[in-house]
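Chemist: This is start_9.txt (compact mmCIF, C-alpha atoms and all ligand atoms).
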# COMPACT_ATOMS: atom_id res chain seq x y z
CA MET A 957 101.24 55.71 78.21
CA THR A 958 102.36 56.51 81.74
CA THR A 959 100.61 59.45 83.32
CA THR A 960 102.78 60.95 86.04
CA ILE A 961 100.41 63.83 86.74
CA PRO A 962 96.77 62.75 86.37
CA PHE A 963 94.12 65.11 85.05
CA PHE A 964 92.02 64.53 88.15
CA ALA A 965 92.10 62.57 91.41
CA HIS A 966 89.29 62.38 93.97
CA ASP A 967 90.03 62.81 97.67
CA LEU A 968 87.50 60.35 99.13
CA GLY A 969 88.74 58.24 102.05
CA ALA A 970 88.15 57.23 105.63
CA ALA A 971 85.36 59.73 106.39
CA GLU A 972 83.37 58.60 103.35
CA LEU A 973 83.94 54.90 104.16
CA ALA A 974 82.64 55.48 107.69
CA ALA A 975 79.59 57.35 106.41
CA VAL A 976 78.75 54.57 103.93
CA ALA A 977 79.25 51.93 106.68
CA GLU A 978 76.67 53.79 108.77
CA VAL A 979 74.11 53.59 105.96
CA LEU A 980 74.87 49.89 105.39
CA ALA A 981 74.24 49.22 109.07
CA GLY A 982 70.73 50.70 108.75
CA PRO A 983 67.61 49.49 106.95
CA ILE A 984 67.27 52.06 104.12
CA LEU A 985 69.74 52.03 101.25
CA THR A 986 67.57 54.11 98.92
CA THR A 987 66.19 57.64 99.46
CA GLY A 988 65.80 58.31 103.17
CA GLU A 989 67.11 60.23 106.13
CA THR A 990 70.70 60.51 104.86
CA VAL A 991 69.46 62.08 101.62
CA ALA A 992 67.33 64.50 103.66
CA ARG A 993 70.40 65.45 105.72
CA PHE A 994 72.46 66.03 102.58
CA GLU A 995 69.68 68.10 101.00
CA ALA A 996 69.43 70.32 104.08
CA ARG A 997 73.20 70.75 104.23
CA PHE A 998 73.53 71.51 100.52
CA ALA A 999 70.65 74.03 100.52
CA ALA A 1000 72.08 75.75 103.60
CA TYR A 1001 75.51 76.03 101.98
CA LEU A 1002 73.99 77.79 98.98
CA GLY A 1003 71.63 79.91 101.06
CA ALA A 1004 68.73 78.32 99.16
CA ARG A 1005 65.38 77.11 100.53
CA HIS A 1006 65.25 73.59 99.06
CA ALA A 1007 67.62 71.02 97.56
CA VAL A 1008 66.33 67.85 95.93
CA GLY A 1009 68.80 64.96 95.63
CA MET A 1010 68.98 63.42 92.16
CA THR A 1011 70.94 60.71 90.35
CA SER A 1012 72.51 63.20 87.91
CA CYS A 1013 72.67 66.80 86.75
CA THR A 1014 71.33 65.68 83.39
CA GLY A 1015 68.22 64.35 85.13
CA ALA A 1016 68.01 67.55 87.19
CA ILE A 1017 67.88 69.76 84.08
CA HIS A 1018 65.36 67.42 82.46
CA LEU A 1019 63.15 67.35 85.57
CA ALA A 1020 63.25 71.13 86.00
CA LEU A 1021 62.01 71.55 82.42
CA GLU A 1022 59.26 68.98 83.03
CA ALA A 1023 58.22 70.67 86.27
CA PHE A 1024 57.91 74.00 84.42
CA GLY A 1025 55.77 72.34 81.73
CA ILE A 1026 58.37 72.92 79.01
CA GLY A 1027 58.33 70.36 76.19
CA ASP A 1028 57.03 69.71 72.69
CA GLY A 1029 57.24 72.72 70.41
CA ASP A 1030 59.07 74.86 72.96
CA GLU A 1031 62.47 76.46 72.50
CA VAL A 1032 65.13 76.63 75.20
CA ILE A 1033 68.09 78.95 74.70
CA THR A 1034 71.46 77.57 75.77
CA THR A 1035 75.16 77.50 74.93
CA PRO A 1036 77.07 75.28 72.52
CA MET A 1037 80.15 75.61 74.79
CA THR A 1038 79.19 72.94 77.33
CA PHE A 1039 78.98 69.23 77.94
CA ILE A 1040 76.35 67.55 75.75
CA ALA A 1041 74.11 66.87 78.77
CA THR A 1042 72.89 70.48 78.79
CA ALA A 1043 71.41 69.97 75.33
CA THR A 1044 70.34 66.32 75.67
CA ALA A 1045 68.33 67.16 78.79
CA ILE A 1046 66.41 69.75 76.73
CA LEU A 1047 65.82 67.14 74.00
CA GLN A 1048 64.67 64.61 76.62
CA ALA A 1049 61.98 67.07 77.68
CA GLY A 1050 60.85 67.24 74.05
CA ALA A 1051 61.95 70.85 73.56
CA ARG A 1052 64.40 72.27 71.06
CA PRO A 1053 67.81 73.56 72.20
CA VAL A 1054 68.44 76.93 70.55
CA PHE A 1055 72.14 77.68 70.72
CA VAL A 1056 73.53 81.20 70.86
CA ASP A 1057 77.14 82.34 70.89
CA VAL A 1058 79.28 82.89 73.97
CA GLU A 1059 81.45 85.72 75.25
CA PRO A 1060 84.89 85.44 73.59
CA THR A 1061 86.75 86.13 76.85
CA THR A 1062 84.94 83.73 79.20
CA GLY A 1063 83.10 81.14 77.10
CA ASN A 1064 79.91 81.95 79.03
CA LEU A 1065 76.53 82.63 77.43
CA ASP A 1066 76.37 86.18 75.99
CA PRO A 1067 73.22 87.89 77.36
CA ALA A 1068 72.84 90.09 74.25
CA ALA A 1069 72.89 87.01 72.02
CA VAL A 1070 70.30 85.36 74.27
CA GLU A 1071 67.89 88.27 73.97
CA ALA A 1072 68.33 88.40 70.18
CA ALA A 1073 67.34 84.70 69.89
CA ILE A 1074 64.04 84.93 71.80
CA THR A 1075 60.95 83.99 69.78
CA SER A 1076 57.29 83.41 70.66
CA ARG A 1077 58.20 79.73 71.30
CA THR A 1078 61.03 80.47 73.76
CA LYS A 1079 60.19 79.20 77.26
CA ALA A 1080 63.49 79.07 79.14
CA ILE A 1081 67.19 79.92 79.26
CA VAL A 1082 69.73 77.34 80.45
CA PRO A 1083 73.01 79.15 81.24
CA VAL A 1084 76.10 77.09 82.06
CA HIS A 1085 78.59 78.49 84.61
CA LEU A 1086 81.52 77.35 82.49
CA TYR A 1087 84.73 76.21 84.22
CA GLY A 1088 83.29 77.53 87.54
CA LEU A 1089 82.75 81.17 86.48
CA MET A 1090 79.16 82.26 86.89
CA CYS A 1091 77.32 83.73 83.92
CA ASP A 1092 75.99 87.27 84.19
CA MET A 1093 72.92 86.09 86.09
CA ARG A 1094 71.62 89.59 86.81
CA ALA A 1095 71.49 90.34 83.07
CA LEU A 1096 69.97 86.95 82.24
CA ARG A 1097 67.35 87.27 85.01
CA ALA A 1098 66.35 90.71 83.69
CA ILE A 1099 65.99 89.35 80.14
CA ALA A 1100 63.97 86.37 81.40
CA ASP A 1101 61.65 88.65 83.38
CA ARG A 1102 61.10 90.95 80.39
CA HIS A 1103 60.03 87.96 78.26
CA GLY A 1104 58.36 85.71 80.85
CA LEU A 1105 60.99 82.95 80.67
CA LYS A 1106 62.30 80.46 83.23
CA VAL A 1107 66.03 80.35 84.00
CA ILE A 1108 67.46 76.91 84.79
CA GLU A 1109 71.12 77.15 85.78
CA ASP A 1110 73.47 74.34 84.77
CA ALA A 1111 75.76 74.75 87.78
CA ALA A 1112 77.61 71.46 87.28
CA HIS A 1113 80.91 73.40 87.43
CA CYS A 1114 79.96 75.85 90.10
CA ILE A 1115 78.80 75.02 93.61
CA GLU A 1116 81.12 77.52 95.33
CA GLY A 1117 80.94 80.47 92.92
CA GLU A 1118 79.33 83.86 93.32
CA ARG A 1119 78.80 86.87 91.06
CA ASP A 1120 77.47 90.34 91.91
CA GLY A 1121 76.47 89.02 95.33
CA ALA A 1122 74.41 86.09 93.97
CA ARG A 1123 75.24 82.39 94.28
CA PRO A 1124 73.99 79.64 91.96
CA GLY A 1125 70.26 79.15 92.58
CA ALA A 1126 69.71 82.69 93.89
CA LEU A 1127 68.51 84.25 90.62
CA GLY A 1128 67.53 81.17 88.59
CA ASP A 1129 64.15 79.46 88.92
CA ALA A 1130 66.14 76.28 89.50
CA ALA A 1131 69.83 75.41 89.64
CA CYS A 1132 71.18 71.98 88.70
CA PHE A 1133 74.31 70.39 90.15
CA SER A 1134 76.41 67.34 89.30
CA PHE A 1135 78.20 64.95 91.63
CA TYR A 1136 79.74 63.02 88.76
CA ALA A 1137 83.19 61.47 89.36
CA THR A 1138 85.27 64.57 88.50
CA LYS A 1139 83.10 67.28 90.03
CA ALA A 1140 83.88 69.33 93.19
CA ILE A 1141 82.06 66.83 95.40
CA THR A 1142 81.25 63.39 94.05
CA CYS A 1143 79.46 60.14 94.73
CA GLY A 1144 80.52 58.62 91.39
CA GLU A 1145 77.19 59.56 89.82
CA GLY A 1146 74.72 61.97 91.37
CA GLY A 1147 73.13 65.38 91.19
CA ALA A 1148 70.81 67.87 92.85
CA LEU A 1149 68.24 70.52 92.07
CA VAL A 1150 68.05 73.69 94.14
CA VAL A 1151 64.87 75.79 94.19
CA ASN A 1152 63.37 78.43 96.45
CA ASP A 1153 59.69 77.57 95.96
CA ALA A 1154 58.20 75.01 98.39
CA ASP A 1155 55.47 73.76 96.01
CA LEU A 1156 58.00 73.32 93.25
CA ALA A 1157 60.30 71.36 95.58
CA ALA A 1158 57.41 69.08 96.59
CA ARG A 1159 56.50 68.50 92.93
CA LEU A 1160 60.13 67.72 92.05
CA ARG A 1161 60.18 65.11 94.85
CA LEU A 1162 57.15 63.44 93.25
CA LEU A 1163 58.57 63.65 89.74
CA ARG A 1164 61.94 62.16 90.76
CA LEU A 1165 60.23 58.97 92.02
CA HIS A 1166 57.66 57.75 89.48
CA GLY A 1167 55.05 60.29 90.66
CA MET A 1168 54.54 58.08 93.77
CA ASN A 1169 53.22 59.76 96.91
CA LYS A 1170 54.99 57.35 99.32
CA SER A 1171 58.62 56.20 99.39
CA ALA A 1172 60.40 53.14 100.84
CA ALA A 1173 61.51 55.28 103.78
CA ASP A 1174 57.85 56.22 104.44
CA ARG A 1175 56.97 52.48 104.50
CA GLN A 1176 59.85 51.80 106.89
CA ARG A 1177 58.68 54.57 109.20
CA GLU A 1178 54.91 54.17 108.99
CA GLY A 1179 54.41 50.57 107.92
CA TYR A 1180 52.83 49.66 104.61
CA GLN A 1181 50.07 51.91 103.41
CA HIS A 1182 48.67 52.05 99.90
CA TRP A 1183 50.45 54.61 97.79
CA ASP A 1184 49.12 56.34 94.71
CA MET A 1185 50.68 57.34 91.42
CA VAL A 1186 49.51 60.93 91.20
CA GLU A 1187 51.60 62.08 88.24
CA PHE A 1188 53.80 60.72 85.46
CA GLY A 1189 57.32 60.68 86.89
CA TRP A 1190 60.87 59.46 86.38
CA LYS A 1191 63.45 57.43 88.35
CA TYR A 1192 65.90 60.12 89.41
CA ASN A 1193 65.95 59.82 93.22
CA MET A 1194 69.31 60.06 95.03
CA ASP A 1195 69.93 57.17 97.46
CA ASN A 1196 71.33 57.14 101.01
CA ILE A 1197 74.65 55.65 99.87
CA GLN A 1198 75.23 58.57 97.50
CA ALA A 1199 74.24 61.07 100.19
CA ALA A 1200 76.57 59.39 102.71
CA LEU A 1201 79.49 59.79 100.30
CA LEU A 1202 78.67 63.47 99.77
CA LEU A 1203 78.10 64.66 103.34
CA PRO A 1204 81.71 64.45 104.59
CA GLN A 1205 82.90 66.21 101.40
CA MET A 1206 80.73 69.21 102.24
CA GLU A 1207 83.07 69.82 105.20
CA ARG A 1208 86.10 70.03 102.86
CA MET A 1209 84.45 71.78 99.94
CA GLU A 1210 85.45 75.36 100.82
CA ALA A 1211 89.04 74.39 101.63
CA ASN A 1212 89.23 72.36 98.41
CA CYS A 1213 87.95 75.32 96.40
CA GLU A 1214 90.59 77.58 97.99
CA ARG A 1215 93.21 74.97 97.16
CA ARG A 1216 92.14 74.87 93.50
CA ALA A 1217 92.18 78.69 93.43
CA ALA A 1218 95.80 78.68 94.67
CA LEU A 1219 96.77 76.11 92.02
CA ALA A 1220 95.02 78.17 89.32
CA GLU A 1221 96.82 81.32 90.45
CA ALA A 1222 100.16 79.48 90.29
CA TYR A 1223 99.31 78.27 86.78
CA ARG A 1224 98.43 81.80 85.63
CA ALA A 1225 101.56 83.36 87.13
CA GLN A 1226 103.93 80.73 85.72
CA ILE A 1227 102.33 80.66 82.26
CA ARG A 1228 102.68 84.45 82.08
CA ALA A 1229 106.22 84.46 83.52
CA ARG A 1230 107.38 82.02 80.86
CA GLY A 1231 105.58 83.91 78.10
CA ILE A 1232 103.91 80.75 76.79
CA ASP A 1233 101.87 81.43 73.66
CA VAL A 1234 98.43 80.54 75.05
CA ALA A 1235 95.44 82.67 76.04
CA LEU A 1236 93.61 82.36 79.34
CA PRO A 1237 89.95 83.20 80.00
CA SER A 1238 89.57 86.70 81.46
CA PRO A 1239 88.74 87.25 85.11
CA VAL A 1240 85.45 88.99 85.88
CA ALA A 1241 85.05 91.63 88.62
CA ARG A 1242 82.83 91.04 91.68
CA THR A 1243 83.02 87.30 91.09
CA ARG A 1244 84.19 84.29 93.06
CA HIS A 1245 85.40 81.65 90.61
CA ALA A 1246 84.79 78.02 91.62
CA HIS A 1247 87.84 76.83 89.57
CA HIS A 1248 86.34 73.54 88.44
CA LEU A 1249 88.68 73.44 85.44
CA PHE A 1250 91.86 75.21 84.35
CA PRO A 1251 91.61 75.71 80.56
CA VAL A 1252 94.27 77.23 78.32
CA TRP A 1253 93.50 78.38 74.78
CA THR A 1254 96.19 77.63 72.16
CA SER A 1255 95.71 78.34 68.47
CA ALA A 1256 93.34 75.94 66.72
CA ALA A 1257 96.16 74.85 64.39
CA ILE A 1258 98.23 73.30 67.19
CA ARG A 1259 95.69 72.29 69.87
CA ASP A 1260 95.52 68.59 69.06
CA ASP A 1261 99.32 68.37 68.79
CA VAL A 1262 99.69 70.07 72.18
CA VAL A 1263 97.21 67.62 73.72
CA GLY A 1264 99.22 64.73 72.27
CA ALA A 1265 102.56 66.15 73.40
CA LEU A 1266 101.32 66.75 76.96
CA GLN A 1267 100.02 63.20 77.19
CA ALA A 1268 103.33 61.91 75.82
CA GLN A 1269 105.06 63.75 78.70
CA GLY A 1270 102.79 62.04 81.23
CA VAL A 1271 100.46 64.98 81.85
CA GLY A 1272 96.75 64.16 81.87
CA VAL A 1273 94.67 66.55 79.75
CA VAL A 1274 91.05 66.76 78.61
CA VAL A 1275 89.23 69.01 76.14
CA ASN A 1276 86.29 70.84 77.74
CA TYR A 1277 84.67 71.23 75.28
CA ARG A 1278 84.55 71.01 71.51
CA ALA A 1279 81.51 73.13 70.55
CA ILE A 1280 78.64 70.65 70.78
CA HIS A 1281 76.59 71.88 67.79
CA LEU A 1282 79.32 70.34 65.61
CA LEU A 1283 79.09 66.84 67.15
CA SER A 1284 77.55 64.44 64.63
CA TYR A 1285 74.19 63.73 66.23
CA LEU A 1286 73.46 67.30 67.31
CA ARG A 1287 74.65 68.71 63.98
CA ASP A 1288 72.34 66.32 62.08
CA ARG A 1289 69.38 66.86 64.41
CA LEU A 1290 69.64 70.61 65.01
CA GLY A 1291 71.28 71.69 61.76
CA TYR A 1292 73.73 74.36 62.94
CA PRO A 1293 76.64 74.40 60.44
CA ARG A 1294 80.22 75.38 61.26
CA GLY A 1295 80.41 79.16 61.38
CA SER A 1296 77.14 79.51 63.35
CA PHE A 1297 78.84 80.44 66.64
CA PRO A 1298 82.34 81.81 65.96
CA ASN A 1299 83.32 82.43 69.59
CA ALA A 1300 82.23 79.00 70.81
CA GLU A 1301 83.92 77.38 67.82
CA ARG A 1302 87.18 79.29 68.40
CA ILE A 1303 87.24 78.21 72.05
CA GLY A 1304 86.19 74.66 71.17
CA ASP A 1305 88.98 74.34 68.59
CA SER A 1306 91.68 75.80 70.81
CA THR A 1307 90.93 74.80 74.41
CA LEU A 1308 92.53 72.16 76.58
CA SER A 1309 92.24 71.67 80.34
CA LEU A 1310 95.29 71.15 82.57
CA PRO A 1311 95.32 68.96 85.71
CA LEU A 1312 93.49 70.60 88.63
CA TYR A 1313 92.35 68.89 91.82
CA PRO A 1314 92.70 69.72 95.51
CA THR A 1315 95.31 67.09 96.37
CA MET A 1316 97.57 68.12 93.46
CA PRO A 1317 100.94 69.16 94.97
CA ILE A 1318 101.65 72.82 94.20
CA ASP A 1319 105.08 71.94 92.74
CA HIS A 1320 103.36 69.86 90.06
CA VAL A 1321 102.16 73.13 88.53
CA ALA A 1322 105.74 73.91 87.44
CA VAL A 1323 106.08 70.42 85.94
CA VAL A 1324 102.86 70.84 83.96
CA VAL A 1325 103.77 74.38 82.85
CA ALA A 1326 107.21 73.21 81.66
CA ALA A 1327 105.54 70.39 79.73
CA LEU A 1328 103.06 72.88 78.25
CA GLU A 1329 105.89 75.22 77.17
CA LYS A 1330 107.69 72.34 75.46
CA ALA A 1331 104.47 71.06 73.85
CA VAL A 1332 103.47 74.48 72.48
CA ALA A 1333 106.97 75.30 71.20
CA GLY A 1334 107.28 71.88 69.56
CA ALA A 1335 103.85 72.11 67.93
CA GLU A 1336 104.56 75.63 66.60
CA VAL A 1337 107.89 74.51 65.09
CA ALA A 1338 106.17 71.54 63.43
CA ARG A 1339 103.72 73.88 61.62
C1 LIG B 1 79.09 67.05 84.28
C2 LIG B 1 78.20 68.01 83.56
C3 LIG B 1 76.84 67.74 83.34
C4 LIG B 1 76.22 66.41 83.58
O1 LIG B 1 76.29 66.00 84.86
P1 LIG B 1 75.80 64.52 85.23
O2 LIG B 1 75.68 64.56 86.71
O3 LIG B 1 76.88 63.60 84.75
O4 LIG B 1 74.51 64.29 84.54
C5 LIG B 1 76.05 68.73 82.80
N1 LIG B 1 76.57 69.92 82.45
C6 LIG B 1 77.87 70.20 82.60
C7 LIG B 1 78.38 71.55 82.21
C8 LIG B 1 78.74 69.25 83.15
O5 LIG B 1 80.04 69.50 83.25
Rewrite the structure from the file as structure tokens, please.

Modeler:
Amino acid sequence: MTTTIPFFAHDLGAAELAAVAEVLAGPILTTGETVARFEARFAAYLGARHAVGMTSCTGAIHLALEAFGIGDGDEVITTPMTFIATATAILQAGARPVFVDVEPTTGNLDPAAVEAAITSRTKAIVPVHLYGLMCDMRALRAIADRHGLKVIEDAAHCIEGERDGARPGALGDAACFSFYATKAITCGEGGALVVNDADLAARLRLLRLHGMNKSAADRQREGYQHWDMVEFGWKYNMDNIQAALLLPQMERMEANCERRAALAEAYRAQIRARGIDVALPSPVARTRHAHHLFPVWTSAAIRDDVVGALQAQGVGVVVNYRAIHLLSYLRDRLGYPRGSFPNAERIGDSTLSLPLYPTMPIDHVAVVVAALEKAVAGAEVAR
């Protein structure tokens, strides 16, 4: 299969090579000064007090739950319309993911459904800012405060977004970010936690490195001194090479987000102009969308055929996401049958994501839209 328009392409180059070369010329490859610089830069961008560099967003969600003492016997309310990591991180902490349905027009967690699912065992809410559109954080924060719950944002799709004047991390107790290969900034694999509480940030730094109270960078700076293991911890610390890859991308992040917004607007206009029989998620007022993905919603009957026909025309596509409560392991372990979450299931059965990345030439939008029109028309005729 020849893909003429890829689903995604990163834009890493000379600036990132130079930044990595600088780390390689120094003594500390693991967590050190470059990570500290990235953390300061990332926190400042978000207007948050503290960022803690991690090896993944999955680890960030897990560690946030651990830091809040959430585990065995506890329930954590989240969405089935997400990547599996949101739920597996909750399982890693020993808690139970309790899924609730999403808004039909956005795919984001429905605050009313969240409140209806709260029990005496509920300890936290993990909203996912799906596709780059923030959840209604003001509503979720109010619900959490009424019931004494933590809010841990899965902001893997949404560094640049804003809603009702709040950015990711502003209203949550912690916000978790991913620097996985296809995310807005990337170091191949990586993540971060953003929090506003200094004690919590210090605890997260312990928990991300085995519960050790000294790091390799401390030894380099101060010479060897005995360290102690003061807590049970994990191995989730971001290293200087990852941070070096990320720092130059911070300079392009706003421009790249604007670029994706322009591509998304072109997609919307051309899909409407051609009258293609697909639905698009609804815009939300007082919101800046981070445009991590550009999904279109076909009918469930033709989705897989449309995916196949687009790929046959050389257009890279991905499905984000099939509702995760129906995936074998989670269905067997959590026991939610089909029909449990009609909105998430409808989106999961009908969604596909079109190519979207900052270096995508704007005239490729017309090529993709023409391929989509042909794919949809062909699939509808075949039914
Ligand atoms: C990518 C992603 C994750 C996982 O991120 P990693 O850094 O790969 O652990 C979690 N949640 C969502 C919604 C994602 O898209």

Chemist: Work out how far apart atom CA of Glu1336 of chain A and atom CA of Tyr1223 of chain A are and give it in Å to one decimal.

Modeler: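 Rounded to one decimal, the two atoms are 21.0 Å apart.
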
Chemist: Within 10 Å of ligand LIG 1 (chain B), counting all atoms listed in the file, which protein or nucleic acid residues do you find, written as an NGL selection string?

Modeler: :A and (1010-1018 or 1035 or 1037-1045 or 1083-1088 or 1109-1114 or 1132-1139 or 1142-1148 or 1248-1249 or 1276-1277)

Chemist: For a test of reading the model, state the distance in Å between atom CA of Pro1067 of chain A and atom CA of His1006 of chain A, rounded to one decimal.

Modeler: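 Atom CA of His1006 of chain A lies 27.2 Å from atom CA of Pro1067 of chain A.
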
Chemist: Tell me which of A:Ser1284, A:Thr990, A:Gln1181, A:Thr960 sits closest to Ile1197 of chain A, counting all atoms listed in the file.

Modeler: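 Of all the options, A:Thr990 lies closest to Ile1197 of chain A.
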
Chemist: Between atom CA of Asp1030 of chain A and atom CA of Gln1048 of chain A, what distance in Å does the model show, to one decimal?

Modeler: 12.2 Å

Chemist: Given the point (76.7, 82.0, 79.5) in the file's coordinates, find the residues that have an atom at most 12 Å from it, counting all atoms listed in the file, and give them as an MDAnalysis selection string.

Modeler: chainID A and resid 1033:1038 1055:1070 1081:1096 1107:1111 1299:1300

Chemist: Looking at all atoms listed in the file, which of A:His1166, A:Tyr1292, A:Glu1118, A:Asp1129 is the one that sits closest to His1247 of chain A?

Modeler: A:Glu1118

Chemist: Nearest residue to Asn1152 of chain A out of A:Val1032, A:Asp1319, A:Thr1307, A:Val1008, using all atoms listed in the file?

Modeler: A:Val1008

Chemist: I need the residue nearest Val991 of chain A from this list: A:Pro1311, A:Gly1009, A:Pro1053, A:Gly1167. Use only C-alpha atoms for the distance.

Modeler: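 Closest candidate: A:Gly1009.
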
Chemist: Quick one: everything within 9 Å of Tyr1001 of chain A, counting all atoms listed in the file, minus sequence neighbours fewer than 5 positions away in the same chain. Send it as an mmCIF file with C-alpha atoms, keeping the file's coordinate frame.

Modeler:
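So the final result, stored in result22.cif, reads:
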data_model
loop_
_atom_site.group_PDB
_atom_site.id
_atom_site.type_symbol
_atom_site.label_atom_id
_atom_site.label_comp_id
_atom_site.auth_asym_id
_atom_site.auth_seq_id
_atom_site.Cartn_x
_atom_site.Cartn_y
_atom_site.Cartn_z
ATOM 1 C CA ALA A 996 69.430 70.320 104.080
ATOM 2 C CA GLU A 1116 81.120 77.520 95.330
ATOM 3 C CA MET A 1206 80.730 69.210 102.240
#

Chemist: Which of these, A:Arg1242, A:Arg1097, A:His1103, A:Arg1289, has the shortest distance to Gly1128 of chain A once you count only C-alpha atoms?

Modeler: A:Arg1097

Chemist: Extract, using only C-alpha atoms, all DNA, RNA and protein residues at most 12 Å from Ala1000 of chain A, discarding same-chain residues fewer than 4 positions from it, and format them as a VMD selection string.

Modeler: chain A and resid 993 to 996 1004 to 1007 1123 1125 1150 to 1152 1206

Chemist: Would you please work out which residue, of A:Ala1020, A:Ala1235, A:Leu1308, A:Ala1241, is nearest to Ala1131 of chain A when using all atoms listed in the file?

Modeler: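 So, comparing all the options, the nearest one is A:Ala1020.
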
Chemist: Fewer than 4 positions away in the same chain doesn't count, so skip those; otherwise give me all residues within 8 Å of segment 1257-1274 of chain A, counting all atoms listed in the file, as a list in words.

Modeler: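 After dropping sequence-adjacent residues, the list is Met957, Thr958, Thr959, Thr960, Ile961, Pro962, Phe963, Phe964, Asp1305, Ser1306, Thr1307, Leu1308, Ser1309, Leu1310, Pro1311, Val1324, Ala1327, Leu1328, Ala1331, Val1332, Ala1335, Glu1336 and Arg1339 of chain A.
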
Chemist: Produce a file of the selected residues containing C-alpha atoms, as a PDB file, in the frame of the given file.

Modeler:
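Result file part.pdb:
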ATOM      1  CA  MET A 957     101.240  55.710  78.210  1.00  0.00           C
ATOM      2  CA  THR A 958     102.360  56.510  81.740  1.00  0.00           C
ATOM      3  CA  THR A 959     100.610  59.450  83.320  1.00  0.00           C
ATOM      4  CA  THR A 960     102.780  60.950  86.040  1.00  0.00           C
ATOM      5  CA  ILE A 961     100.410  63.830  86.740  1.00  0.00           C
ATOM      6  CA  PRO A 962      96.770  62.750  86.370  1.00  0.00           C
ATOM      7  CA  PHE A 963      94.120  65.110  85.050  1.00  0.00           C
ATOM      8  CA  PHE A 964      92.020  64.530  88.150  1.00  0.00           C
ATOM      9  CA  ASP A1305      88.980  74.340  68.590  1.00  0.00           C
ATOM     10  CA  SER A1306      91.680  75.800  70.810  1.00  0.00           C
ATOM     11  CA  THR A1307      90.930  74.800  74.410  1.00  0.00           C
ATOM     12  CA  LEU A1308      92.530  72.160  76.580  1.00  0.00           C
ATOM     13  CA  SER A1309      92.240  71.670  80.340  1.00  0.00           C
ATOM     14  CA  LEU A1310      95.290  71.150  82.570  1.00  0.00           C
ATOM     15  CA  PRO A1311      95.320  68.960  85.710  1.00  0.00           C
ATOM     16  CA  VAL A1324     102.860  70.840  83.960  1.00  0.00           C
ATOM     17  CA  ALA A1327     105.540  70.390  79.730  1.00  0.00           C
ATOM     18  CA  LEU A1328     103.060  72.880  78.250  1.00  0.00           C
ATOM     19  CA  ALA A1331     104.470  71.060  73.850  1.00  0.00           C
ATOM     20  CA  VAL A1332     103.470  74.480  72.480  1.00  0.00           C
ATOM     21  CA  ALA A1335     103.850  72.110  67.930  1.00  0.00           C
ATOM     22  CA  GLU A1336     104.560  75.630  66.600  1.00  0.00           C
ATOM     23  CA  ARG A1339     103.720  73.880  61.620  1.00  0.00           C
TER      24      ARG A1339
END
